[in-house]
Amino acid sequence: MSKAAKQNDEKLQPLPPSGRMAFSPGNVAFGRHESFPLRFAWIAKGLNAVRADPDIFTREDATVVLGVGKNMVSSIRHWLHAATLVRQRPDGHGYEETELARTAFGSDGDSYLEDDGTIWLLHWLLATNPAAATAVYWFFNHFHRPVFANDEAAAGLRAFIDTEAATRTSPTTLNRDATTLLRMYTRTAAGTRLALEDALDSPLSLLDLVDRVDAHHRRSVPAARPGLPSEIFAFAVAEVFDHLAAPHVAVQHLMYSDRTHCAPGAVFRMTEESLVHKIEELHRTAPGHFRLDRTAGVYQLYRLRRTEPLHILDERFHRRGRTAA
């Protein structure tokens with residue numbers, strides 16, 4: 001490896017261990033996005049580069065190959081990893097795409113994010129990865145103020161980490177993560193004078209999970225979420241069942257997150273009524289796999305037979321590919 005490549009490799013912080021769904025006090029990560037929100041082209045750009053060269057992120061010419069600045073190279077790697085689309089190779093040299101990436105963003109998939117359903121999937125993957133996207137996980141699973149000042153979000157994140165994390169993180173870093181999160185999920189205000197690059201909103205802003213009230217306040221409230229595809233919701237529910245390893249899950253556990261699991265209702269900022277409606281749709285999305293029942297006054301969702309989460313995505317994206325053809 002050349003000297004320049006070694007320097008680039010040293011700049012890239014080691015990836016945190018993957019940790020989906022459950023919060024672990026000793027497994028958190030901040031500042032790895034280099035203050036750049038996820039951008040539209042980065043999923044396709046990064047995955048194509050990894051497929052062509054597993055060592056792309058440590059190459060001295062990575063900026064030329066990817067067509068971005070040095071800090072953006074680190075940011076692309078971070079967002080791909082945080083969304084569990086790439087992982088380190090078993091031999092420790094370079095990176096490879098995951099099976100999830102091949103299913104949702106492969107030849108039959110949607111790597112250019114033309115389908116809003118794919119963006120909902122990316123959001124679920126990020127918000128359920130407390131180890132690699134801790135700020136996103138915290139905001140959608142544990143921050144419940146409907147209207148808040150921008151600095152209240154930063155203060156809330158700092159308080160959560162001070163109370164729950166086993167390691168200390170610089171307040172400056174936490175503030176920067178909160179700011180980046182709000183930028184990533186909020187549409188640019190009309191008339192804002194920004195450089196062209198900065199005015200290109202993140203795809204996640206299209207989900208309208210966070211709205212701008214004014215220059216200093218944001219709003220993030222539960223809503224019906226009619227644009228959330230039933231297949232993406234079914235994928236999320238199947239992941240919860242797999243994580244909890246339970247034959248049935250109380251509907252309230254699909255609505256509200258805690259330290260042990262992430263809930264679709266919280267992550268997708270849904271109302272209780274819309275969550276129940278989506279659960280009822282599961283009979284169409286995954287017929288014969290789920291049944292909603294009431295036991296001892298508590299609504300429970302039963303899994304009649306195991307539904308492989310990736311199979312649900314495979315069905316969606318293969319059908320999408322056939323439709324496009």
# chains A, B, ... in the order shown; residues from 1 in each chain; ligands from 1
call {"tool": "residues_around", "arguments": {"residues": "segment 278-292 of chain A", "least_positions_apart": "2", "cutoff": "6 Å", "atoms": "only C-alpha atoms", "output": "ChimeraX atom specification"}}
result
/A:275-276,300-305
call {"tool": "write_last_selection", "arguments": {"atoms": "N, CA, C and O atoms", "output": "compact mmCIF listing (two decimals), in the first residue's frame"}}
result
# COMPACT_ATOMS: atom_id res chain seq x y z
N LEU A 275 -51.15 2.62 12.36
CA LEU A 275 -50.42 1.38 12.62
C LEU A 275 -51.34 0.18 12.52
O LEU A 275 -51.02 -0.82 11.86
N VAL A 276 -52.50 0.27 13.15
CA VAL A 276 -53.47 -0.84 13.10
C VAL A 276 -53.91 -1.08 11.65
O VAL A 276 -54.04 -2.23 11.22
N GLN A 300 -52.77 -8.66 20.00
CA GLN A 300 -51.51 -9.32 19.69
C GLN A 300 -51.46 -9.64 18.21
O GLN A 300 -52.46 -10.01 17.60
N LEU A 301 -50.28 -9.50 17.63
CA LEU A 301 -50.06 -9.94 16.26
C LEU A 301 -49.32 -11.26 16.32
O LEU A 301 -48.23 -11.35 16.90
N TYR A 302 -49.92 -12.29 15.75
CA TYR A 302 -49.33 -13.63 15.76
C TYR A 302 -48.64 -13.89 14.43
O TYR A 302 -49.17 -13.57 13.37
N ARG A 303 -47.48 -14.51 14.51
CA ARG A 303 -46.82 -14.96 13.28
C ARG A 303 -47.12 -16.44 13.10
O ARG A 303 -46.67 -17.27 13.89
N LEU A 304 -47.90 -16.76 12.09
CA LEU A 304 -48.36 -18.13 11.88
C LEU A 304 -47.25 -19.01 11.33
O LEU A 304 -47.17 -20.20 11.64
N ARG A 305 -46.41 -18.45 10.51
CA ARG A 305 -45.20 -19.15 10.07
C ARG A 305 -44.14 -18.09 9.76
O ARG A 305 -44.47 -16.96 9.44
call {"tool": "residues_around", "arguments": {"residues": "segment 39-51 of chain A", "least_positions_apart": "4", "cutoff": "6 Å", "atoms": "only C-alpha atoms", "output": "PyMOL selection string"}}
result
chain A and resi 111-112+202-203
call {"tool": "atom_distance", "arguments": {"atom1": "atom CA of Arg218 of chain A", "atom2": "atom CA of Ala149 of chain A"}}
result
6.3 Å
call {"tool": "select_by_dssp", "arguments": {"residues": "segment 252-323 of chain A", "states": "strand (DSSP E)", "output": "PyMOL selection string"}}
result
chain A and resi 290-295+298-303
call {"tool": "residues_around", "arguments": {"residues": "segment 55-57 of chain A", "least_positions_apart": "5", "cutoff": "8 Å", "atoms": "only C-alpha atoms", "output": "list in words"}}
result
Asp9, Ala49, Val50, Ala62, Val73, Ser74, Arg77, His93, Gly94 and Tyr95 of chain A
call {"tool": "residues_around", "arguments": {"residues": "Phe36 of chain A", "least_positions_apart": "2", "cutoff": "7 Å", "atoms": "only C-alpha atoms", "output": "tab-separated table (two decimals) with N, CA, C and O atoms, in the first residue's frame"}}
result
chain	number	residue	atom	x	y	z
A	33	HIS	N	-20.12	10.72	9.71
A	33	HIS	CA	-20.63	11.21	8.43
A	33	HIS	C	-19.91	12.46	7.95
A	33	HIS	O	-20.22	12.98	6.87
A	34	GLU	N	-18.95	12.96	8.74
A	34	GLU	CA	-18.19	14.16	8.38
A	34	GLU	C	-19.11	15.36	8.13
A	34	GLU	O	-18.80	16.24	7.33
A	38	LEU	N	-26.81	12.06	3.99
A	38	LEU	CA	-26.87	11.13	2.86
A	38	LEU	C	-27.43	11.84	1.64
A	38	LEU	O	-28.43	12.56	1.73
A	75	SER	N	-17.82	9.78	4.36
A	75	SER	CA	-19.25	9.89	4.59
A	75	SER	C	-20.03	8.83	3.81
A	75	SER	O	-20.97	8.21	4.33
A	180	THR	N	-26.80	17.68	11.69
A	180	THR	CA	-26.77	16.91	10.44
A	180	THR	C	-28.06	16.11	10.28
A	180	THR	O	-28.63	16.02	9.17
call {"tool": "select_by_dssp", "arguments": {"residues": "segment 268-298 of chain A", "states": "helix (DSSP H, G or I)", "output": "VMD selection string"}}
result
chain A and resid 272 to 285
call {"tool": "residues_around", "arguments": {"residues": "Arg102 of chain A", "least_positions_apart": "4", "cutoff": "10 Å", "atoms": "only C-alpha atoms", "output": "list in words"}}
result
Leu47, Leu85, Val86, Glu97, Thr98, Gly106, Ser107, Asp108, Gly109, Ser111 and Asp314 of chain A
call {"tool": "closest_residue", "arguments": {"among": "A:Arg32, A:His123, A:His248, A:Arg212", "to": "His78 of chain A", "atoms": "only C-alpha atoms"}}
result
A:Arg32
call {"tool": "residues_around", "arguments": {"residues": "Ala82 of chain A", "least_positions_apart": "5", "cutoff": "10 Å", "atoms": "only C-alpha atoms", "output": "PyMOL selection string"}}
result
chain A and resi 15-16+18-20+29+32-33+76-77+87+122+125-134
call {"tool": "residues_around", "arguments": {"residues": "segment 262-268 of chain A", "least_positions_apart": "6", "cutoff": "9 Å", "atoms": "only C-alpha atoms", "output": "JSON, numbers by chain"}}
result
{"A": [20, 21, 22, 120, 123, 124, 127, 128, 137, 139, 140, 141, 142, 144, 209, 222, 223, 225, 228, 233, 236, 237, 240, 252, 253, 254, 255, 256, 274, 275]}
call {"tool": "closest_residue", "arguments": {"among": "A:Leu80, A:Leu66, A:Leu310, A:Ala135", "to": "Asp242 of chain A", "atoms": "only C-alpha atoms"}}
result
A:Leu310
